[in-house]
Amino acid sequence: MVENLIKYLQDKIVITDAEIAIIKSVCRVKKLRKRQYLLQEGDMWRYNAFVSSGLVRTYRVDDKGQEHIIQFSPEDWWCGDRYSYVYDAPARSNIDALEDSEVVLISKGDFEMLYRAVPNLSIFMLNLVERSFIASQDRIHAGISLSAEEKYIGFVKTYPSILSRVPQHMIASFLGISPETLSRIRARK
């Protein structure tokens with residue numbers, strides 16, 4: 001629902017009724033059933049996507065067919081394949097719904113127009129991208145320097161609202177550890 005996006009933005013920035021109308025005019029809602037793709041590797045991604053309800057995941061599949069989860073996106077999170085979006089190239093990631101979900105899509109062109117029409121949105125999105133970059137750096141650091149248990153503790157702190165909504169093998173994939181290792185860690189907690 002677009003109203004969830006508007007509420008999210010009103011909690012973050014000051015926007016006028018006229019700006020809200022402009023934002024609403026460019027939003028498209030996509031409903032996803034559980035396991036339905038929002039994006040498949042090789043397709044083009046030309047949107048900013050806000051998860052209004054439900055839960056989606058962004059992942060890649062390696063040459064051996066192994067899934068590697070890059071991100072979980074619950075309500076009030078953004079998702080997408082930034083590589084495809086920025087470089088106008090085929091997507092390298094897949095995005096699918098882990099639950100029935102609703103996603104608000106805003107095309108790249110419309111988002112660029114919103115940057116000009118809603119200045120506070122532009123500033124907010126720049127800050128969001130900066131925070132996302134920091135989170136990516138922290139995730140890389142965790143992946144190369146933390147123990148499996150420390151990674152799991154970090155996951156629990158970062159994603160407390162989705163811990164019970166995600167199967168254990170997907171949490172293990174996200175953390176870069178085996179499901180068996182994750183089972184041992186959880187048994188000790």
# chains A, B, ... in the order shown; residues from 1 in each chain; ligands from 1
>>> residues_around(residues="Lys34 in chain A", least_positions_apart="2", cutoff="12 Å", atoms="only C-alpha atoms", output="tab-separated table (two decimals) with N, CA and C atoms, in the first residue's frame")
chain	number	residue	atom	x	y	z
A	31	LYS	N	1.68	-6.79	-5.85
A	31	LYS	CA	1.41	-7.82	-4.86
A	31	LYS	C	2.16	-9.08	-5.26
A	32	LEU	N	2.82	-9.68	-4.29
A	32	LEU	CA	3.58	-10.91	-4.52
A	32	LEU	C	3.04	-12.01	-3.63
A	36	GLN	N	6.92	-15.94	-5.05
A	36	GLN	CA	6.84	-15.27	-6.35
A	36	GLN	C	8.02	-14.32	-6.51
A	37	TYR	N	8.56	-14.28	-7.73
A	37	TYR	CA	9.69	-13.40	-8.02
A	37	TYR	C	9.23	-11.96	-8.23
A	38	LEU	N	10.00	-11.04	-7.67
A	38	LEU	CA	9.90	-9.64	-8.03
A	38	LEU	C	10.90	-9.36	-9.16
A	54	GLY	N	4.96	-7.61	4.30
A	54	GLY	CA	5.56	-8.90	3.98
A	54	GLY	C	7.06	-8.90	4.14
A	55	LEU	N	7.71	-9.80	3.41
A	55	LEU	CA	9.15	-10.02	3.55
A	55	LEU	C	9.68	-10.57	2.23
A	56	VAL	N	10.72	-9.94	1.71
A	56	VAL	CA	11.37	-10.42	0.50
A	56	VAL	C	12.85	-10.63	0.78
A	57	ARG	N	13.47	-11.39	-0.10
A	57	ARG	CA	14.92	-11.60	0.01
A	57	ARG	C	15.56	-11.33	-1.32
A	95	ILE	N	15.11	-11.56	-6.61
A	95	ILE	CA	14.35	-11.09	-5.46
A	95	ILE	C	13.04	-11.85	-5.47
A	96	ASP	N	12.74	-12.51	-4.36
A	96	ASP	CA	11.46	-13.19	-4.26
A	96	ASP	C	10.85	-13.00	-2.89
A	97	ALA	N	9.57	-13.31	-2.80
A	97	ALA	CA	8.81	-13.09	-1.57
A	97	ALA	C	8.91	-14.33	-0.67
A	98	LEU	N	9.24	-14.11	0.58
A	98	LEU	CA	9.24	-15.19	1.57
A	98	LEU	C	7.88	-15.31	2.23
A	99	GLU	N	7.07	-14.29	2.08
A	99	GLU	CA	5.69	-14.25	2.57
A	99	GLU	C	4.88	-13.51	1.50
A	100	ASP	N	3.57	-13.63	1.57
A	100	ASP	CA	2.75	-12.76	0.74
A	100	ASP	C	3.16	-11.33	1.06
A	101	SER	N	3.43	-10.54	0.04
A	101	SER	CA	4.01	-9.21	0.24
A	101	SER	C	3.40	-8.21	-0.72
A	102	GLU	N	3.52	-6.94	-0.35
A	102	GLU	CA	3.19	-5.83	-1.24
A	102	GLU	C	4.39	-4.91	-1.31
>>> atom_distance(atom1="CA of Ala91 in chain A", atom2="CA of Ile6 in chain A")
27.8 Å
>>> select_by_dssp(residues="range 10-171 of chain A", states="helix (DSSP H, G or I)", output="PyMOL selection string")
chain A and resi 10-12+17-25+82-87+108-117+119-145+148-158+163-165+168-171
>>> closest_residue(among="A:Val51, A:Leu9, A:Leu105, A:Ala148", to="Arg28 in chain A", atoms="only C-alpha atoms")
A:Leu105
>>> closest_residue(among="A:Ser107, A:Asn127, A:Ser145, A:Thr158", to="Gln71 in chain A", atoms="only C-alpha atoms")
A:Thr158
>>> select_by_dssp(residues="range 66-180 of chain A", states="strand (DSSP E)", output="number ranges by chain")
A: 67-74, 78-79, 94-97, 101-107
>>> residues_around(residues="Ile177 in chain A", least_positions_apart="3", cutoff="12 Å", atoms="only C-alpha atoms", output="list in words")
Glu67, His68, Ile69, Gly143, Ile144, Leu146, Ser147, Ala148, Glu149, Glu150, Lys151, Tyr152, Gln168, His169, Met170, Ile171, Ala172, Ser173, Phe174, Glu180, Thr181, Leu182, Ser183, Arg184 and Ile185 of chain A
>>> write_last_selection(atoms="C-alpha atoms", output="mmCIF file, in the first residue's frame")
data_model
loop_
_atom_site.group_PDB
_atom_site.id
_atom_site.type_symbol
_atom_site.label_atom_id
_atom_site.label_comp_id
_atom_site.auth_asym_id
_atom_site.auth_seq_id
_atom_site.Cartn_x
_atom_site.Cartn_y
_atom_site.Cartn_z
ATOM 1 C CA GLU A 67 21.972 -19.677 -3.036
ATOM 2 C CA HIS A 68 23.712 -16.793 -1.294
ATOM 3 C CA ILE A 69 21.317 -14.402 0.415
ATOM 4 C CA GLY A 143 32.040 -11.979 6.993
ATOM 5 C CA ILE A 144 35.829 -11.970 7.031
ATOM 6 C CA LEU A 146 33.781 -12.607 12.989
ATOM 7 C CA SER A 147 33.108 -16.101 14.235
ATOM 8 C CA ALA A 148 29.936 -17.894 13.185
ATOM 9 C CA GLU A 149 28.464 -17.233 16.634
ATOM 10 C CA GLU A 150 29.279 -13.517 16.462
ATOM 11 C CA LYS A 151 27.672 -13.333 13.011
ATOM 12 C CA TYR A 152 24.515 -14.954 14.365
ATOM 13 C CA GLN A 168 17.116 -21.622 9.423
ATOM 14 C CA HIS A 169 18.829 -22.616 6.153
ATOM 15 C CA MET A 170 18.233 -19.092 4.788
ATOM 16 C CA ILE A 171 19.691 -17.488 7.895
ATOM 17 C CA ALA A 172 22.733 -19.744 7.459
ATOM 18 C CA SER A 173 23.002 -18.697 3.792
ATOM 19 C CA PHE A 174 22.852 -15.023 4.765
ATOM 20 C CA GLU A 180 24.557 -27.506 10.799
ATOM 21 C CA THR A 181 26.814 -24.842 12.306
ATOM 22 C CA LEU A 182 23.819 -22.595 12.821
ATOM 23 C CA SER A 183 21.947 -25.452 14.548
ATOM 24 C CA ARG A 184 24.836 -25.918 16.970
ATOM 25 C CA ILE A 185 24.970 -22.199 17.734
#
>>> atom_distance(atom1="CA of Ser52 in chain A", atom2="CA of Ile23 in chain A")
14.7 Å
>>> atom_distance(atom1="CA of Met1 in chain A", atom2="CA of Ile106 in chain A")
12.7 Å
>>> closest_residue(among="A:Gly42, A:Gly154, A:Gly65, A:Gly109", to="Pro90 in chain A", atoms="only C-alpha atoms")
A:Gly42
>>> residues_around(residues="Tyr85 in chain A", least_positions_apart="5", cutoff="12 Å", atoms="only C-alpha atoms", output="list in words")
Leu39, Asp43, Met44, Trp45, Arg46, Tyr47, Asn48, Ala49, Cys79, Gly80, Pro90, Ala91, Arg92, Ser93, Ile106, Ser107, Lys108, Gly109 and Phe111 of chain A
>>> closest_residue(among="A:Ser53, A:Asn120, A:Asp81, A:Arg33", to="Thr16 in chain A", atoms="only C-alpha atoms")
A:Asn120
>>> closest_residue(among="A:Ala135, A:Ile20, A:Gln10, A:Leu5", to="Ala117 in chain A", atoms="only C-alpha atoms")
A:Ile20
>>> decode(residues="range 48-80 of chain A", atoms="N, CA, C and O atoms", output="CSV table (one decimal), in the first residue's frame")
chain,number,residue,atom,x,y,z
A,48,ASN,N,13.0,1.7,-7.8
A,48,ASN,CA,13.2,1.7,-6.4
A,48,ASN,C,12.0,1.0,-5.8
A,48,ASN,O,10.9,1.3,-6.1
A,49,ALA,N,12.3,0.0,-4.9
A,49,ALA,CA,11.2,-0.8,-4.4
A,49,ALA,C,11.1,-0.7,-2.9
A,49,ALA,O,12.1,-1.0,-2.2
A,50,PHE,N,10.0,-0.3,-2.4
A,50,PHE,CA,9.7,-0.2,-0.9
A,50,PHE,C,8.8,-1.3,-0.5
A,50,PHE,O,7.8,-1.5,-1.1
A,51,VAL,N,9.2,-2.1,0.5
A,51,VAL,CA,8.4,-3.2,1.0
A,51,VAL,C,7.4,-2.6,1.9
A,51,VAL,O,7.7,-2.2,3.0
A,52,SER,N,6.1,-2.6,1.5
A,52,SER,CA,5.0,-2.1,2.2
A,52,SER,C,4.5,-3.1,3.3
A,52,SER,O,4.2,-2.7,4.4
A,53,SER,N,4.5,-4.4,2.9
A,53,SER,CA,4.1,-5.4,3.8
A,53,SER,C,4.8,-6.7,3.3
A,53,SER,O,5.1,-6.9,2.2
A,54,GLY,N,5.0,-7.6,4.3
A,54,GLY,CA,5.6,-8.9,4.0
A,54,GLY,C,7.1,-8.9,4.1
A,54,GLY,O,7.6,-8.1,4.9
A,55,LEU,N,7.7,-9.8,3.4
A,55,LEU,CA,9.1,-10.0,3.5
A,55,LEU,C,9.7,-10.6,2.2
A,55,LEU,O,9.1,-11.5,1.7
A,56,VAL,N,10.7,-9.9,1.7
A,56,VAL,CA,11.4,-10.4,0.5
A,56,VAL,C,12.8,-10.6,0.8
A,56,VAL,O,13.4,-10.1,1.7
A,57,ARG,N,13.5,-11.4,-0.1
A,57,ARG,CA,14.9,-11.6,0.0
A,57,ARG,C,15.6,-11.3,-1.3
A,57,ARG,O,15.0,-11.5,-2.4
A,58,THR,N,16.8,-10.8,-1.3
A,58,THR,CA,17.6,-10.6,-2.5
A,58,THR,C,18.8,-11.6,-2.4
A,58,THR,O,19.4,-11.7,-1.3
A,59,TYR,N,19.0,-12.4,-3.4
A,59,TYR,CA,20.0,-13.4,-3.4
A,59,TYR,C,20.6,-13.7,-4.8
A,59,TYR,O,20.0,-13.3,-5.8
A,60,ARG,N,21.7,-14.3,-4.8
A,60,ARG,CA,22.4,-14.8,-6.0
A,60,ARG,C,22.6,-16.3,-5.9
A,60,ARG,O,22.6,-16.8,-4.8
A,61,VAL,N,22.7,-16.9,-7.1
A,61,VAL,CA,23.0,-18.3,-7.2
A,61,VAL,C,24.3,-18.5,-7.9
A,61,VAL,O,24.6,-17.9,-8.9
A,62,ASP,N,25.2,-19.3,-7.2
A,62,ASP,CA,26.5,-19.5,-7.8
A,62,ASP,C,26.5,-20.6,-8.8
A,62,ASP,O,25.5,-21.2,-9.1
A,63,ASP,N,27.7,-20.9,-9.4
A,63,ASP,CA,27.8,-21.8,-10.5
A,63,ASP,C,27.4,-23.2,-10.1
A,63,ASP,O,27.1,-24.1,-10.9
A,64,LYS,N,27.5,-23.5,-8.8
A,64,LYS,CA,27.1,-24.8,-8.3
A,64,LYS,C,25.7,-24.9,-7.9
A,64,LYS,O,25.2,-25.9,-7.3
A,65,GLY,N,24.9,-23.8,-8.1
A,65,GLY,CA,23.5,-23.8,-7.8
A,65,GLY,C,23.2,-23.5,-6.3
A,65,GLY,O,22.1,-23.6,-5.8
A,66,GLN,N,24.2,-23.0,-5.6
A,66,GLN,CA,24.1,-22.7,-4.2
A,66,GLN,C,23.5,-21.2,-4.1
A,66,GLN,O,24.1,-20.3,-4.7
A,67,GLU,N,22.5,-21.0,-3.3
A,67,GLU,CA,22.0,-19.7,-3.0
A,67,GLU,C,22.8,-18.9,-2.0
A,67,GLU,O,23.2,-19.5,-1.0
A,68,HIS,N,23.0,-17.7,-2.2
A,68,HIS,CA,23.7,-16.8,-1.3
A,68,HIS,C,22.8,-15.6,-1.1
A,68,HIS,O,22.7,-14.7,-2.0
A,69,ILE,N,22.2,-15.5,0.1
A,69,ILE,CA,21.3,-14.4,0.4
A,69,ILE,C,22.1,-13.1,0.8
A,69,ILE,O,23.0,-13.1,1.6
A,70,ILE,N,21.8,-12.1,0.1
A,70,ILE,CA,22.4,-10.8,0.2
A,70,ILE,C,21.7,-9.9,1.2
A,70,ILE,O,22.3,-9.3,2.0
A,71,GLN,N,20.4,-10.0,1.2
A,71,GLN,CA,19.6,-9.1,2.0
A,71,GLN,C,18.2,-9.7,2.3
A,71,GLN,O,17.6,-10.3,1.4
A,72,PHE,N,17.7,-9.5,3.5
A,72,PHE,CA,16.3,-9.7,3.8
A,72,PHE,C,15.7,-8.3,3.9
A,72,PHE,O,16.3,-7.4,4.5
A,73,SER,N,14.5,-8.1,3.3
A,73,SER,CA,13.8,-6.8,3.3
A,73,SER,C,12.4,-7.0,3.9
A,73,SER,O,11.5,-7.4,3.2
A,74,PRO,N,12.3,-6.7,5.2
A,74,PRO,CA,10.9,-6.7,5.8
A,74,PRO,C,10.2,-5.4,5.5
A,74,PRO,O,10.7,-4.6,4.8
A,75,GLU,N,9.1,-5.2,6.1
A,75,GLU,CA,8.3,-4.0,6.0
A,75,GLU,C,9.2,-2.8,6.3
A,75,GLU,O,10.0,-2.8,7.1
A,76,ASP,N,9.0,-1.7,5.5
A,76,ASP,CA,9.7,-0.5,5.6
A,76,ASP,C,11.2,-0.5,5.2
A,76,ASP,O,11.9,0.3,5.6
A,77,TRP,N,11.5,-1.5,4.4
A,77,TRP,CA,12.9,-1.6,3.9
A,77,TRP,C,12.8,-1.4,2.4
A,77,TRP,O,11.7,-1.7,1.8
A,78,TRP,N,13.9,-1.0,1.8
A,78,TRP,CA,14.0,-0.9,0.3
A,78,TRP,C,14.7,-2.1,-0.2
A,78,TRP,O,15.6,-2.7,0.5
A,79,CYS,N,14.4,-2.5,-1.4
A,79,CYS,CA,15.2,-3.6,-2.1
A,79,CYS,C,15.3,-3.3,-3.6
A,79,CYS,O,14.7,-2.4,-4.1
A,80,GLY,N,16.2,-4.1,-4.2
A,80,GLY,CA,16.4,-3.9,-5.6
A,80,GLY,C,17.8,-4.4,-6.0
A,80,GLY,O,18.6,-4.8,-5.1
